Structures are given as structure tokens and as C-alpha cells.
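K.L.:
Pasting a structure here, questions to come.
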Amino acid sequence: EFPGIVVNPLKLKNENNDEPYKTLKSNVDLLNVIQIGFAFSNEEGMLPKTNGCWQFNFYFDIEKDLFAQDSMDLLINSGVNFYNHKKKGIKMNKFAYFLINSGLVLNKKIKWISFHSGYDFGYLIKILTNNFLPQKKNEFFKLLQLFFPCSYDMKYLGIYSNDLYGGLNKLAEKFKVHRIGPVHQAGSDSLLTLKVFFKLRDKFFKGKIEDKYEGILYGLGSSNPNKKKIETNDPTNDYSQSLALILP
């Protein structure tokens, strides 16, 4: 979860196809992430018996940090306690240290499953590098490939496979996957992402996602020019999604 979009894409000059990345970079550079959720499973979708889903609540001060009011209202109505984020929230540098040493990043054996995840990976790369995002999109994708060598964006997979438009909740309804926990909370979103992914994989991909779908982020494309970027008129602006991981 992050504090919305404060740089309006309509105010950026439409110079080339990199405009969506410029919008992402402008917002990620200015803003701070609020929550990140990880859910874990093996390749069959089985979660660990304990500690299968984690939600990390970061330091965030609504009196100092920038945010979009509509996104903030949504998070508050979903139960996010910003008093606790200010008093007890995790510092970015500490999270980066433990994430790098966890073995979850820089690891080709880990598969990262996400939904419409340009901003998710943008904030993670910002945290891991302790720096602004690169100026050029291809440099961003090099960092994505470095830290997250195997990733799949379910928004892209759904549209490419069977025109499955809409947000994560809509896909969950289609596949009859029930949410555990409150909506717009990173831990709950990550677990729902994981469960919906296996339903999508088994129904439309015969249980196996081909390598050609790896490393493509919906709306941004990939570092490989031969991989297809999907542009649609899908009105869904479902930015507040989280990540799931498949362990070998």
C-alpha cells in the first residue's frame, strides 16, 4: 500500500512511450510506502503451516509525508492506523537490510507473483537501492531483473490469456476465491493475489506459466523489446496491490 498518486500523468508531456514510467518514477521518488505484504507458497500453491503471510507496516507521518487525500481516506476507512505507523513503523533502511539478507531477492529460485505491480516493484527498488529510481525505463528493468529475476504480473497474464479485465477483487470473485482479512491491507491483498494466481494458472495456462510472460509489468512492458506490452482501455486504477512469492 502506498499513498496514492500525487503527480498527475496528464501534466507530463507526451514525448514518447516512456510516459507511464515517468509518472511512476515521479510519484515513487516523492512518496513513501506505507505497507508491503508478502505471502509464501510452494509451486503447488501450498502455504507454510505457520508464518505464510506477512504484513510490514512502515514509518509514515501524515503530518510530514506527502499523500493523495483520496488514497489516504481509503486506507483509513480500511483500518490503517497511522498513529501506529508514526510511533512503531519500520524504517526503510532496516527493512532493506533484512530483505537483502533473507535470500528472497537476488535469487533466481524465487518466483514473485504480483498484480499491476509497477508501483510495488518501484517502491521495493527504491528501498533496496536507497535511491531515486533510474531516469530511464530500461535501467529500471535492469534493476528489476537483478533483484527479482523471476516475476509475473497477474494483471498482464489475465488480459493476455482471456481478456480478464478489472482489479484483483474482480478476479477473485470470478474464480470464487475468498479474501482473508480486510481489503486494502497489504497482507490480505498479497494472500489473495497468491490464491487467485494459482486459479488463473491452472484454468488458463494448464498449470504452467511459460517463460515468455516473465518480467513483464502491466502498462510498462519489459526490458526485452521482443516481449509484448499490453495497452488497454481498462478503466481499473487498481494500484494498491501486493506481492506473493513462490518458493522452490
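Here, A, B, ... name the chains of the C-alpha cells in the order displayed, residue numbers run from 1 inside each chain, and ligands are numbered from 1 in the same displayed order.
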Determine which residues of range 30-224 of chain A DSSP labels as strand (DSSP E or B) from the backbone of this structure, then write them out as a list of chain:residue names.
P.N.:
A:Gln35, A:Ile36, A:Gly37, A:Phe38, A:Ala39, A:Phe40, A:Ser41, A:Cys53, A:Trp54, A:Gln55, A:Phe56, A:Asn57, A:Phe58, A:Ile90, A:Lys111, A:Trp112, A:Ile113, A:Ser114, A:Ser151, A:Tyr152, A:Asp153, A:Leu217, A:Gly221
K.L.:
Please produce a file of those selected residues containing N, CA and C atoms, as a PDB file, in the first residue's frame.
P.N.:
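So the final result, stored in selection_13.pdb, reads:
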```pdb
ATOM      1  N   GLN A  35       2.653   0.189   3.476  1.00  0.00           N
ATOM      2  CA  GLN A  35       2.645  -1.236   3.831  1.00  0.00           C
ATOM      3  C   GLN A  35       3.183  -2.048   2.658  1.00  0.00           C
ATOM      4  N   ILE A  36       3.799  -3.179   2.978  1.00  0.00           N
ATOM      5  CA  ILE A  36       4.151  -4.185   1.983  1.00  0.00           C
ATOM      6  C   ILE A  36       3.719  -5.535   2.533  1.00  0.00           C
ATOM      7  N   GLY A  37       3.094  -6.327   1.682  1.00  0.00           N
ATOM      8  CA  GLY A  37       2.652  -7.658   2.095  1.00  0.00           C
ATOM      9  C   GLY A  37       3.312  -8.738   1.274  1.00  0.00           C
ATOM     10  N   PHE A  38       3.756  -9.800   1.932  1.00  0.00           N
ATOM     11  CA  PHE A  38       4.303 -10.977   1.268  1.00  0.00           C
ATOM     12  C   PHE A  38       3.486 -12.198   1.691  1.00  0.00           C
ATOM     13  N   ALA A  39       3.107 -13.017   0.725  1.00  0.00           N
ATOM     14  CA  ALA A  39       2.520 -14.324   1.019  1.00  0.00           C
ATOM     15  C   ALA A  39       3.387 -15.376   0.339  1.00  0.00           C
ATOM     16  N   PHE A  40       3.588 -16.517   1.003  1.00  0.00           N
ATOM     17  CA  PHE A  40       4.521 -17.536   0.538  1.00  0.00           C
ATOM     18  C   PHE A  40       3.806 -18.852   0.252  1.00  0.00           C
ATOM     19  N   SER A  41       4.279 -19.545  -0.767  1.00  0.00           N
ATOM     20  CA  SER A  41       3.773 -20.896  -1.035  1.00  0.00           C
ATOM     21  C   SER A  41       4.826 -21.667  -1.811  1.00  0.00           C
ATOM     22  N   CYS A  53       2.075 -15.651   5.668  1.00  0.00           N
ATOM     23  CA  CYS A  53       1.721 -14.332   5.155  1.00  0.00           C
ATOM     24  C   CYS A  53       2.230 -13.266   6.125  1.00  0.00           C
ATOM     25  N   TRP A  54       2.885 -12.245   5.576  1.00  0.00           N
ATOM     26  CA  TRP A  54       3.477 -11.190   6.386  1.00  0.00           C
ATOM     27  C   TRP A  54       3.019  -9.825   5.894  1.00  0.00           C
ATOM     28  N   GLN A  55       2.774  -8.935   6.836  1.00  0.00           N
ATOM     29  CA  GLN A  55       2.497  -7.546   6.509  1.00  0.00           C
ATOM     30  C   GLN A  55       3.478  -6.652   7.251  1.00  0.00           C
ATOM     31  N   PHE A  56       4.191  -5.817   6.495  1.00  0.00           N
ATOM     32  CA  PHE A  56       5.181  -4.912   7.082  1.00  0.00           C
ATOM     33  C   PHE A  56       4.614  -3.492   7.064  1.00  0.00           C
ATOM     34  N   ASN A  57       4.536  -2.896   8.240  1.00  0.00           N
ATOM     35  CA  ASN A  57       3.979  -1.557   8.393  1.00  0.00           C
ATOM     36  C   ASN A  57       5.112  -0.558   8.598  1.00  0.00           C
ATOM     37  N   PHE A  58       5.243   0.381   7.669  1.00  0.00           N
ATOM     38  CA  PHE A  58       6.396   1.269   7.652  1.00  0.00           C
ATOM     39  C   PHE A  58       6.121   2.596   8.361  1.00  0.00           C
ATOM     40  N   ILE A  90       8.216   0.554  10.675  1.00  0.00           N
ATOM     41  CA  ILE A  90       9.552   0.058  10.311  1.00  0.00           C
ATOM     42  C   ILE A  90      10.287   1.113   9.494  1.00  0.00           C
ATOM     43  N   LYS A 111      10.064 -17.113  -7.247  1.00  0.00           N
ATOM     44  CA  LYS A 111       9.155 -16.541  -8.237  1.00  0.00           C
ATOM     45  C   LYS A 111       8.259 -15.516  -7.547  1.00  0.00           C
ATOM     46  N   TRP A 112       8.266 -14.294  -8.056  1.00  0.00           N
ATOM     47  CA  TRP A 112       7.468 -13.210  -7.499  1.00  0.00           C
ATOM     48  C   TRP A 112       6.183 -13.055  -8.302  1.00  0.00           C
ATOM     49  N   ILE A 113       5.054 -13.179  -7.607  1.00  0.00           N
ATOM     50  CA  ILE A 113       3.745 -13.056  -8.235  1.00  0.00           C
ATOM     51  C   ILE A 113       3.118 -11.753  -7.767  1.00  0.00           C
ATOM     52  N   SER A 114       2.584 -10.976  -8.709  1.00  0.00           N
ATOM     53  CA  SER A 114       2.054  -9.669  -8.353  1.00  0.00           C
ATOM     54  C   SER A 114       0.834  -9.356  -9.201  1.00  0.00           C
ATOM     55  N   SER A 151       9.669 -12.835 -12.185  1.00  0.00           N
ATOM     56  CA  SER A 151       8.453 -12.186 -11.706  1.00  0.00           C
ATOM     57  C   SER A 151       7.359 -12.283 -12.766  1.00  0.00           C
ATOM     58  N   TYR A 152       6.114 -12.355 -12.290  1.00  0.00           N
ATOM     59  CA  TYR A 152       4.957 -12.421 -13.178  1.00  0.00           C
ATOM     60  C   TYR A 152       3.897 -11.454 -12.682  1.00  0.00           C
ATOM     61  N   ASP A 153       3.386 -10.629 -13.590  1.00  0.00           N
ATOM     62  CA  ASP A 153       2.334  -9.683 -13.260  1.00  0.00           C
ATOM     63  C   ASP A 153       0.996 -10.293 -13.688  1.00  0.00           C
ATOM     64  N   LEU A 217       5.716  -6.092 -16.835  1.00  0.00           N
ATOM     65  CA  LEU A 217       4.855  -5.364 -15.915  1.00  0.00           C
ATOM     66  C   LEU A 217       3.740  -4.690 -16.701  1.00  0.00           C
ATOM     67  N   GLY A 221       5.646  -2.685 -19.788  1.00  0.00           N
ATOM     68  CA  GLY A 221       6.391  -3.523 -20.707  1.00  0.00           C
ATOM     69  C   GLY A 221       7.462  -4.317 -19.996  1.00  0.00           C
TER      70      GLY A 221
END
```
K.L.:
Near Phe121 in chain A, counting only C-alpha atoms, which residues have an atom at most 8 Å away, once you skip same-chain residues fewer than 4 positions from it, shown as JSON, numbers by chain?
P.N.:
{"A": [117, 125, 144]}
K.L.:
For Lys88 in chain A, work out the shell of residues within 10 Å, counting only C-alpha atoms and skipping chain neighbours fewer than 4 positions away, then give it as a PyMOL selection string.
P.N.:
chain A and resi 57-60+82-84
K.L.:
Hey, can you spit out that residue selection with C-alpha atoms as a PDB file, in the first residue's frame?
P.N.:
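Final output, result-v8.pdb:
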```pdb
ATOM      1  CA  ASN A  57       3.979  -1.557   8.393  1.00  0.00           C
ATOM      2  CA  PHE A  58       6.396   1.269   7.652  1.00  0.00           C
ATOM      3  CA  TYR A  59       7.114   4.536   9.346  1.00  0.00           C
ATOM      4  CA  PHE A  60       4.778   7.148   7.894  1.00  0.00           C
ATOM      5  CA  PHE A  82      -1.413   5.994  11.044  1.00  0.00           C
ATOM      6  CA  TYR A  83      -0.737   6.780  14.687  1.00  0.00           C
ATOM      7  CA  ASN A  84       0.927   3.355  14.980  1.00  0.00           C
TER       8      ASN A  84
END
```
K.L.:
Between CA of Leu133 in chain A and CA of Gln185 in chain A, what is the spacing in Å?
P.N.:
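That distance, rounded to one decimal, is 24.9 Å.
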K.L.:
So, counting only C-alpha atoms, which residue among A:Val183, A:Leu24, A:Leu168, A:Val33 is closest to Gly89 in chain A?
P.N.:
A:Val33
K.L.:
Would you please extract all helix (DSSP H, G or I) residues from range 106-242 of chain A, as assigned by DSSP on the backbone, and give them as a ChimeraX atom specification?
P.N.:
/A:118-129,137-147,154-162,168-174,186-204,211-213
K.L.:
Write the selection just made, keeping C-alpha atoms, as a CSV table (one decimal), in the first residue's frame?
P.N.:
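out_37.csv written:
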```csv
chain,number,residue,atom,x,y,z
A,118,GLY,CA,4.9,-1.4,-11.4
A,119,TYR,CA,4.5,0.7,-8.3
A,120,ASP,CA,5.1,-2.3,-6.0
A,121,PHE,CA,8.4,-3.0,-7.6
A,122,GLY,CA,9.2,0.7,-7.9
A,123,TYR,CA,9.0,1.2,-4.1
A,124,LEU,CA,10.9,-2.0,-3.4
A,125,ILE,CA,13.7,-1.0,-5.7
A,126,LYS,CA,13.8,2.5,-4.2
A,127,ILE,CA,14.1,0.8,-0.7
A,128,LEU,CA,16.7,-1.7,-1.8
A,129,THR,CA,18.9,0.8,-3.5
A,137,LYS,CA,12.9,2.8,-18.0
A,138,ASN,CA,15.4,0.2,-19.4
A,139,GLU,CA,17.7,0.9,-16.3
A,140,PHE,CA,14.7,0.3,-14.1
A,141,PHE,CA,14.1,-3.1,-15.7
A,142,LYS,CA,17.7,-4.0,-15.3
A,143,LEU,CA,17.3,-3.4,-11.5
A,144,LEU,CA,14.0,-5.4,-11.6
A,145,GLN,CA,15.8,-8.3,-13.2
A,146,LEU,CA,18.7,-8.0,-10.7
A,147,PHE,CA,16.7,-8.0,-7.5
A,154,MET,CA,-1.1,-11.3,-13.0
A,155,LYS,CA,-2.8,-8.3,-14.5
A,156,TYR,CA,-0.9,-8.9,-17.7
A,157,LEU,CA,-1.4,-12.6,-17.6
A,158,GLY,CA,-5.2,-12.2,-17.1
A,159,ILE,CA,-5.6,-9.8,-20.0
A,160,TYR,CA,-3.2,-11.7,-22.3
A,161,SER,CA,-4.8,-15.1,-21.6
A,162,ASN,CA,-8.5,-14.4,-21.7
A,168,LEU,CA,-7.8,-8.1,-8.1
A,169,ASN,CA,-11.1,-8.3,-6.3
A,170,LYS,CA,-13.0,-8.8,-9.5
A,171,LEU,CA,-10.7,-11.7,-10.5
A,172,ALA,CA,-11.2,-13.2,-7.1
A,173,GLU,CA,-14.9,-13.1,-7.5
A,174,LYS,CA,-14.6,-14.7,-10.9
A,186,ALA,CA,-1.1,-5.4,2.2
A,187,GLY,CA,-1.1,-8.8,3.9
A,188,SER,CA,-4.6,-9.7,2.9
A,189,ASP,CA,-4.0,-8.4,-0.6
A,190,SER,CA,-0.8,-10.5,-1.0
A,191,LEU,CA,-2.6,-13.7,0.1
A,192,LEU,CA,-5.5,-13.0,-2.3
A,193,THR,CA,-3.0,-12.4,-5.1
A,194,LEU,CA,-1.3,-15.7,-4.4
A,195,LYS,CA,-4.6,-17.7,-4.3
A,196,VAL,CA,-6.0,-16.1,-7.5
A,197,PHE,CA,-2.7,-16.7,-9.3
A,198,PHE,CA,-3.0,-20.5,-8.9
A,199,LYS,CA,-6.6,-20.4,-10.1
A,200,LEU,CA,-5.6,-18.4,-13.2
A,201,ARG,CA,-2.6,-20.6,-13.9
A,202,ASP,CA,-4.5,-23.9,-13.6
A,203,LYS,CA,-7.5,-22.7,-15.6
A,204,PHE,CA,-5.9,-20.8,-18.5
A,211,ASP,CA,8.9,-18.1,-19.6
A,212,LYS,CA,7.8,-15.6,-22.3
A,213,TYR,CA,5.5,-14.0,-19.7
```
K.L.:
What is the distance, in Å and to one decimal place, between CA of Gly52 in chain A and CA of Ile100 in chain A?
P.N.:
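Separation of CA of Gly52 in chain A and CA of Ile100 in chain A: 19.0 Å.
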K.L.:
As an exercise, work out the distance from CA of Leu104 in chain A to CA of Phe67 in chain A in Å and give it to one decimal place.
P.N.:
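Straight-line distance from CA of Leu104 in chain A to CA of Phe67 in chain A works out to 29.1 Å.
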K.L.:
Env of Ala68 in chain A: 8 Å cut, atoms = only C-alpha atoms, seq-sep filter 5 positions within chain, self excluded. Answer as a VMD selection string.
P.N.:
chain A and resid 3 to 6
